[in-house]
file target-v3.txt (compact mmCIF, C-alpha atoms)
# COMPACT_ATOMS: atom_id res chain seq x y z
CA MET A 1 0.00 0.00 0.00
CA GLN A 2 1.47 3.33 -1.03
CA LEU A 3 0.76 6.38 1.11
CA LEU A 4 0.34 9.84 -0.28
CA PRO A 5 3.44 11.97 0.46
CA PHE A 6 1.66 14.20 3.01
CA LEU A 7 0.34 11.13 4.88
CA LEU A 8 3.80 9.58 4.96
CA ALA A 9 5.29 12.80 6.39
CA GLU A 10 2.55 12.96 9.05
CA LYS A 11 3.07 9.30 9.96
CA LYS A 12 6.82 9.89 10.41
CA ARG A 13 6.10 12.92 12.62
CA GLN A 14 3.70 10.88 14.78
CA ARG A 15 6.29 8.16 15.45
CA LYS A 16 8.20 10.37 17.85
CA GLY A 17 7.44 9.81 21.52
CA THR A 18 4.18 7.86 21.44
CA GLU A 19 3.52 4.65 23.34
CA MET A 20 -0.01 4.30 21.99
CA ILE A 21 0.79 3.48 18.36
CA SER A 22 3.04 0.82 16.86
CA TYR A 23 4.21 1.17 13.26
CA TYR A 24 4.93 -2.18 11.61
CA PRO A 25 8.24 -1.21 9.93
CA ASP A 26 9.58 -0.02 13.29
CA VAL A 27 9.04 -3.37 15.08
CA SER A 28 11.79 -6.00 14.88
CA SER A 29 10.97 -9.70 14.88
CA TYR A 30 12.50 -12.44 17.02
CA ILE A 31 12.17 -16.19 17.58
CA THR A 32 10.06 -17.24 20.59
CA ARG A 33 10.54 -20.32 22.76
CA ASP A 34 7.96 -22.21 20.63
CA GLY A 35 10.00 -21.58 17.46
CA SER A 36 7.74 -19.09 15.68
CA THR A 37 8.93 -15.75 14.36
CA ILE A 38 7.19 -13.04 16.39
CA ARG A 39 6.77 -9.33 15.95
CA GLU A 40 5.47 -7.71 19.18
CA LEU A 41 3.07 -5.12 17.79
CA ILE A 42 1.95 -3.90 21.23
CA HIS A 43 3.69 -4.97 24.46
CA PRO A 44 4.15 -3.33 27.88
CA SER A 45 7.93 -3.38 27.56
CA HIS A 46 7.71 -1.11 24.50
CA HIS A 47 4.31 0.55 24.31
CA GLY A 48 2.97 1.04 27.83
CA ALA A 49 0.18 -1.56 27.54
CA GLY A 50 -0.45 -2.99 30.98
CA ASN A 51 -2.75 -5.98 30.70
CA GLN A 52 -2.24 -7.48 27.26
CA SER A 53 0.04 -7.86 24.27
CA LEU A 54 -0.55 -8.22 20.55
CA ALA A 55 1.93 -9.98 18.29
CA GLU A 56 2.13 -11.28 14.76
CA ALA A 57 3.44 -14.85 14.47
CA ARG A 58 4.77 -16.28 11.21
CA VAL A 59 5.41 -19.94 10.45
CA ALA A 60 7.03 -21.13 7.20
CA PRO A 61 5.32 -23.74 5.00
CA GLY A 62 5.77 -27.27 6.37
CA CYS A 63 7.02 -25.99 9.75
CA SER A 64 5.45 -26.22 13.20
CA THR A 65 5.69 -24.42 16.50
CA LEU A 66 6.67 -26.54 19.48
CA LEU A 67 3.82 -27.89 21.58
CA HIS A 68 3.62 -25.56 24.58
CA ARG A 69 1.34 -24.01 27.17
CA HIS A 70 1.20 -20.79 29.15
CA GLU A 71 0.70 -20.98 32.89
CA ASP A 72 -0.94 -17.56 33.27
CA SER A 73 -1.73 -16.08 29.85
CA GLU A 74 -4.97 -16.57 27.98
CA GLU A 75 -4.43 -16.23 24.24
CA ILE A 76 -6.52 -15.48 21.20
CA TYR A 77 -5.14 -16.48 17.80
CA HIS A 78 -6.56 -14.94 14.62
CA VAL A 79 -5.35 -16.31 11.28
CA THR A 80 -4.71 -13.57 8.73
CA ALA A 81 -2.93 -15.63 6.02
CA GLY A 82 -2.13 -19.25 5.27
CA HIS A 83 -3.59 -22.53 6.51
CA ALA A 84 -2.81 -24.38 9.74
CA ARG A 85 -3.45 -27.52 11.68
CA MET A 86 -3.79 -26.58 15.33
CA VAL A 87 -3.43 -28.93 18.26
CA LEU A 88 -5.47 -27.54 21.15
CA GLY A 89 -5.73 -29.56 24.35
CA GLY A 90 -5.46 -32.90 22.55
CA GLU A 91 -7.89 -32.03 19.71
CA GLU A 92 -6.90 -31.04 16.16
CA TYR A 93 -8.48 -28.27 14.08
CA LEU A 94 -7.87 -26.94 10.57
CA LEU A 95 -7.64 -23.13 10.42
CA ALA A 96 -7.91 -20.72 7.50
CA PRO A 97 -7.78 -16.92 7.14
CA GLY A 98 -10.45 -15.30 9.29
CA ASP A 99 -10.59 -18.12 11.87
CA SER A 100 -10.00 -17.32 15.55
CA VAL A 101 -9.17 -19.56 18.52
CA ARG A 102 -9.33 -18.92 22.27
CA ILE A 103 -6.60 -20.69 24.25
CA LEU A 104 -7.10 -20.96 28.01
CA PRO A 105 -4.12 -20.86 30.39
CA GLY A 106 -2.54 -24.29 30.85
CA THR A 107 -3.87 -25.66 27.52
CA PRO A 108 -1.20 -27.37 25.37
CA HIS A 109 -1.21 -26.04 21.82
CA ASN A 110 0.82 -25.71 18.63
CA LEU A 111 0.42 -24.75 14.98
CA THR A 112 1.61 -26.51 11.83
CA ASN A 113 1.61 -24.65 8.54
CA VAL A 114 -0.14 -27.10 6.17
CA GLY A 115 -0.33 -24.72 3.20
CA PRO A 116 2.07 -23.61 0.46
CA ASP A 117 2.33 -20.03 1.78
CA GLU A 118 3.59 -18.49 5.00
CA LEU A 119 1.16 -18.78 7.92
CA CYS A 120 0.45 -15.47 9.65
CA VAL A 121 -1.43 -15.31 12.96
CA LEU A 122 -2.25 -12.40 15.25
CA CYS A 123 -1.77 -13.44 18.89
CA CYS A 124 -3.33 -11.52 21.75
CA CYS A 125 -2.14 -12.47 25.26
CA SER A 126 -3.50 -11.43 28.64
CA PRO A 127 -1.51 -11.05 30.80
CA PRO A 128 1.11 -10.04 28.21
CA TYR A 129 3.38 -12.62 26.59
CA SER A 130 6.57 -13.55 28.42
CA HIS A 131 9.15 -16.27 27.79
CA GLU A 132 8.94 -17.20 31.47
CA ASP A 133 5.23 -18.07 31.12
CA THR A 134 5.90 -20.45 28.20
CA VAL A 135 6.31 -24.13 29.11
CA LEU A 136 7.58 -26.33 26.26
CA MET A 137 5.81 -29.69 26.13
CA ASP A 138 7.79 -31.32 23.27
CA CYS A 139 10.88 -31.34 25.47
CA MET A 140 9.21 -33.07 28.43

call {"tool": "encode", "arguments": {"input": "target-v3.txt", "output": "structure tokens"}}
result
Amino acid sequence: MQLLPFLLAEKKRQRKGTEMISYYPDVSSYITRDGSTIRELIHPSHHGAGNQSLAEARVAPGCSTLLHRHEDSEEIYHVTAGHARMVLGGEEYLLAPGDSVRILPGTPHNLTNVGPDELCVLCCCSPPYSHEDTVLMDCM
């Protein structure tokens, strides 16, 4: 999407000093404990959010995240691109763009990209995501 020059200039001006807005190009990605590539779109450590976080997770075709659970965080996954098989508490579900899943604390879960394109999922966590709250199940 191409922005008009005056909108681009305004967007650049707005980037300075705000904790309320996250601009995608400004957010670096990293690998989480479950193996997915994450971009923290909104997180207390960067944006002042106190009770939740929002991240974009990407999984390459044919790859899976590690089976894991979160002791405290409730999650909502929303698929924006690609197709996945999700393990959720011992059940399996096929997910497509537009599908959403609620994951209760303590529920083992993982995603496998079963399509030819990159899988992209928005992940909302409350309380916010932390590595310390992630328990890997594949390694147990």

call {"tool": "closest_residue", "arguments": {"input": "target-v3.txt", "among": "A:Asp133, A:Val79, A:Pro128, A:Glu92", "to": "A:Gly50", "atoms": "all atoms listed in the file"}}
result
A:Pro128

call {"tool": "residues_around", "arguments": {"input": "target-v3.txt", "residues": "A:Tyr129", "least_positions_apart": "2", "cutoff": "8 Å", "atoms": "all atoms listed in the file", "output": "list in words"}}
result
His43, Gln52, Ser53, Ser73, Cys125, Ser126, Pro127, His131 and Asp133 of chain A

call {"tool": "atom_distance", "arguments": {"input": "target-v3.txt", "atom1": "atom CA of A:Ser29", "atom2": "atom CA of A:Cys123"}}
result
13.9 Å

call {"tool": "closest_residue", "arguments": {"input": "target-v3.txt", "among": "A:Asn110, A:Ser130, A:Ser36, A:Ser100", "to": "A:Val59", "atoms": "all atoms listed in the file"}}
result
A:Ser36

call {"tool": "closest_residue", "arguments": {"input": "target-v3.txt", "among": "A:Ile103, A:Ala96, A:Val87, A:Ala81", "to": "A:Glu56", "atoms": "all atoms listed in the file"}}
result
A:Ala81

call {"tool": "residues_around", "arguments": {"input": "target-v3.txt", "residues": "A:Glu40", "least_positions_apart": "5", "cutoff": "10 Å", "atoms": "only C-alpha atoms", "output": "PyMOL selection string"}}
result
chain A and resi 22+24+27-30+45-47+53-57+122-124+129

call {"tool": "closest_residue", "arguments": {"input": "target-v3.txt", "among": "A:Glu75, A:Cys120, A:Gly35, A:Thr107", "to": "A:Leu95", "atoms": "only C-alpha atoms"}}
result
A:Cys120

call {"tool": "closest_residue", "arguments": {"input": "target-v3.txt", "among": "A:Arg39, A:Arg102, A:Arg69, A:Arg58", "to": "A:Ala84", "atoms": "all atoms listed in the file"}}
result
A:Arg58

call {"tool": "atom_distance", "arguments": {"input": "target-v3.txt", "atom1": "atom CA of A:Gly98", "atom2": "atom CA of A:Thr80"}}
result
6.0 Å

call {"tool": "atom_distance", "arguments": {"input": "target-v3.txt", "atom1": "atom CA of A:Gly62", "atom2": "atom CA of A:Asp117"}}
result
9.2 Å

call {"tool": "residues_around", "arguments": {"input": "target-v3.txt", "residues": "A:Val101", "least_positions_apart": "5", "cutoff": "8 Å", "atoms": "only C-alpha atoms", "output": "count of residues only"}}
result
3

call {"tool": "closest_residue", "arguments": {"input": "target-v3.txt", "among": "A:Gly115, A:Gly82, A:Pro105, A:Pro25", "to": "A:His68", "atoms": "all atoms listed in the file"}}
result
A:Pro105

call {"tool": "decode", "arguments": {"input": "target-v3.txt", "residues": "stretch 64-98 of chain A", "atoms": "N, CA and C atoms", "output": "PDB file, in the first residue's frame"}}
result
ATOM      1  N   SER A  64       6.365 -26.228  12.059  1.00  0.00           N
ATOM      2  CA  SER A  64       5.453 -26.223  13.204  1.00  0.00           C
ATOM      3  C   SER A  64       6.071 -25.457  14.363  1.00  0.00           C
ATOM      4  N   THR A  65       5.215 -24.924  15.215  1.00  0.00           N
ATOM      5  CA  THR A  65       5.686 -24.420  16.497  1.00  0.00           C
ATOM      6  C   THR A  65       5.789 -25.616  17.443  1.00  0.00           C
ATOM      7  N   LEU A  66       6.585 -25.486  18.485  1.00  0.00           N
ATOM      8  CA  LEU A  66       6.668 -26.545  19.484  1.00  0.00           C
ATOM      9  C   LEU A  66       5.387 -26.569  20.309  1.00  0.00           C
ATOM     10  N   LEU A  67       4.971 -27.768  20.693  1.00  0.00           N
ATOM     11  CA  LEU A  67       3.819 -27.895  21.582  1.00  0.00           C
ATOM     12  C   LEU A  67       4.182 -27.215  22.901  1.00  0.00           C
ATOM     13  N   HIS A  68       3.325 -26.315  23.364  1.00  0.00           N
ATOM     14  CA  HIS A  68       3.617 -25.556  24.577  1.00  0.00           C
ATOM     15  C   HIS A  68       2.320 -25.132  25.255  1.00  0.00           C
ATOM     16  N   ARG A  69       2.476 -24.589  26.442  1.00  0.00           N
ATOM     17  CA  ARG A  69       1.338 -24.007  27.167  1.00  0.00           C
ATOM     18  C   ARG A  69       1.835 -22.779  27.904  1.00  0.00           C
ATOM     19  N   HIS A  70       0.890 -21.966  28.336  1.00  0.00           N
ATOM     20  CA  HIS A  70       1.204 -20.786  29.147  1.00  0.00           C
ATOM     21  C   HIS A  70       0.502 -20.951  30.485  1.00  0.00           C
ATOM     22  N   GLU A  71       1.259 -20.797  31.550  1.00  0.00           N
ATOM     23  CA  GLU A  71       0.701 -20.979  32.895  1.00  0.00           C
ATOM     24  C   GLU A  71      -0.338 -19.921  33.234  1.00  0.00           C
ATOM     25  N   ASP A  72      -0.075 -18.670  32.864  1.00  0.00           N
ATOM     26  CA  ASP A  72      -0.941 -17.557  33.270  1.00  0.00           C
ATOM     27  C   ASP A  72      -1.703 -16.909  32.125  1.00  0.00           C
ATOM     28  N   SER A  73      -1.134 -16.846  30.948  1.00  0.00           N
ATOM     29  CA  SER A  73      -1.734 -16.083  29.849  1.00  0.00           C
ATOM     30  C   SER A  73      -2.854 -16.843  29.151  1.00  0.00           C
ATOM     31  N   GLU A  74      -3.939 -16.127  28.905  1.00  0.00           N
ATOM     32  CA  GLU A  74      -4.972 -16.571  27.982  1.00  0.00           C
ATOM     33  C   GLU A  74      -4.613 -15.949  26.634  1.00  0.00           C
ATOM     34  N   GLU A  75      -4.778 -16.724  25.563  1.00  0.00           N
ATOM     35  CA  GLU A  75      -4.428 -16.226  24.238  1.00  0.00           C
ATOM     36  C   GLU A  75      -5.633 -16.280  23.311  1.00  0.00           C
ATOM     37  N   ILE A  76      -5.614 -15.400  22.331  1.00  0.00           N
ATOM     38  CA  ILE A  76      -6.523 -15.483  21.199  1.00  0.00           C
ATOM     39  C   ILE A  76      -5.652 -15.443  19.954  1.00  0.00           C
ATOM     40  N   TYR A  77      -5.816 -16.445  19.090  1.00  0.00           N
ATOM     41  CA  TYR A  77      -5.143 -16.483  17.797  1.00  0.00           C
ATOM     42  C   TYR A  77      -6.156 -16.100  16.724  1.00  0.00           C
ATOM     43  N   HIS A  78      -5.728 -15.286  15.772  1.00  0.00           N
ATOM     44  CA  HIS A  78      -6.555 -14.937  14.623  1.00  0.00           C
ATOM     45  C   HIS A  78      -5.712 -15.096  13.365  1.00  0.00           C
ATOM     46  N   VAL A  79      -6.104 -16.022  12.497  1.00  0.00           N
ATOM     47  CA  VAL A  79      -5.350 -16.313  11.277  1.00  0.00           C
ATOM     48  C   VAL A  79      -5.629 -15.229  10.242  1.00  0.00           C
ATOM     49  N   THR A  80      -4.551 -14.603   9.751  1.00  0.00           N
ATOM     50  CA  THR A  80      -4.709 -13.571   8.728  1.00  0.00           C
ATOM     51  C   THR A  80      -4.247 -14.049   7.348  1.00  0.00           C
ATOM     52  N   ALA A  81      -3.396 -15.087   7.304  1.00  0.00           N
ATOM     53  CA  ALA A  81      -2.928 -15.627   6.021  1.00  0.00           C
ATOM     54  C   ALA A  81      -2.437 -17.051   6.234  1.00  0.00           C
ATOM     55  N   GLY A  82      -2.617 -17.878   5.216  1.00  0.00           N
ATOM     56  CA  GLY A  82      -2.132 -19.254   5.269  1.00  0.00           C
ATOM     57  C   GLY A  82      -3.148 -20.210   5.875  1.00  0.00           C
ATOM     58  N   HIS A  83      -2.723 -21.471   5.989  1.00  0.00           N
ATOM     59  CA  HIS A  83      -3.592 -22.532   6.515  1.00  0.00           C
ATOM     60  C   HIS A  83      -2.811 -23.330   7.549  1.00  0.00           C
ATOM     61  N   ALA A  84      -3.491 -23.713   8.629  1.00  0.00           N
ATOM     62  CA  ALA A  84      -2.808 -24.380   9.736  1.00  0.00           C
ATOM     63  C   ALA A  84      -3.609 -25.561  10.255  1.00  0.00           C
ATOM     64  N   ARG A  85      -2.860 -26.494  10.820  1.00  0.00           N
ATOM     65  CA  ARG A  85      -3.454 -27.517  11.683  1.00  0.00           C
ATOM     66  C   ARG A  85      -3.067 -27.120  13.099  1.00  0.00           C
ATOM     67  N   MET A  86      -4.060 -26.989  13.956  1.00  0.00           N
ATOM     68  CA  MET A  86      -3.793 -26.585  15.328  1.00  0.00           C
ATOM     69  C   MET A  86      -4.120 -27.726  16.272  1.00  0.00           C
ATOM     70  N   VAL A  87      -3.164 -28.033  17.147  1.00  0.00           N
ATOM     71  CA  VAL A  87      -3.428 -28.930  18.261  1.00  0.00           C
ATOM     72  C   VAL A  87      -3.806 -28.042  19.431  1.00  0.00           C
ATOM     73  N   LEU A  88      -4.953 -28.333  20.032  1.00  0.00           N
ATOM     74  CA  LEU A  88      -5.470 -27.538  21.148  1.00  0.00           C
ATOM     75  C   LEU A  88      -6.030 -28.498  22.184  1.00  0.00           C
ATOM     76  N   GLY A  89      -5.271 -28.694  23.276  1.00  0.00           N
ATOM     77  CA  GLY A  89      -5.735 -29.564  24.353  1.00  0.00           C
ATOM     78  C   GLY A  89      -6.045 -30.975  23.910  1.00  0.00           C
ATOM     79  N   GLY A  90      -5.259 -31.522  22.978  1.00  0.00           N
ATOM     80  CA  GLY A  90      -5.465 -32.901  22.546  1.00  0.00           C
ATOM     81  C   GLY A  90      -6.369 -33.058  21.332  1.00  0.00           C
ATOM     82  N   GLU A  91      -7.051 -32.015  20.912  1.00  0.00           N
ATOM     83  CA  GLU A  91      -7.894 -32.035  19.709  1.00  0.00           C
ATOM     84  C   GLU A  91      -7.147 -31.347  18.572  1.00  0.00           C
ATOM     85  N   GLU A  92      -7.504 -31.684  17.322  1.00  0.00           N
ATOM     86  CA  GLU A  92      -6.897 -31.040  16.159  1.00  0.00           C
ATOM     87  C   GLU A  92      -7.962 -30.304  15.363  1.00  0.00           C
ATOM     88  N   TYR A  93      -7.573 -29.124  14.853  1.00  0.00           N
ATOM     89  CA  TYR A  93      -8.478 -28.270  14.079  1.00  0.00           C
ATOM     90  C   TYR A  93      -7.724 -27.735  12.870  1.00  0.00           C
ATOM     91  N   LEU A  94      -8.433 -27.595  11.747  1.00  0.00           N
ATOM     92  CA  LEU A  94      -7.867 -26.936  10.575  1.00  0.00           C
ATOM     93  C   LEU A  94      -8.311 -25.480  10.599  1.00  0.00           C
ATOM     94  N   LEU A  95      -7.368 -24.565  10.368  1.00  0.00           N
ATOM     95  CA  LEU A  95      -7.640 -23.128  10.423  1.00  0.00           C
ATOM     96  C   LEU A  95      -7.299 -22.474   9.089  1.00  0.00           C
ATOM     97  N   ALA A  96      -8.095 -21.470   8.735  1.00  0.00           N
ATOM     98  CA  ALA A  96      -7.911 -20.720   7.501  1.00  0.00           C
ATOM     99  C   ALA A  96      -8.026 -19.232   7.826  1.00  0.00           C
ATOM    100  N   PRO A  97      -7.661 -18.358   6.880  1.00  0.00           N
ATOM    101  CA  PRO A  97      -7.778 -16.919   7.137  1.00  0.00           C
ATOM    102  C   PRO A  97      -9.180 -16.538   7.615  1.00  0.00           C
ATOM    103  N   GLY A  98      -9.204 -15.741   8.688  1.00  0.00           N
ATOM    104  CA  GLY A  98     -10.455 -15.303   9.285  1.00  0.00           C
ATOM    105  C   GLY A  98     -10.869 -16.116  10.495  1.00  0.00           C
TER     106      GLY A  98
END
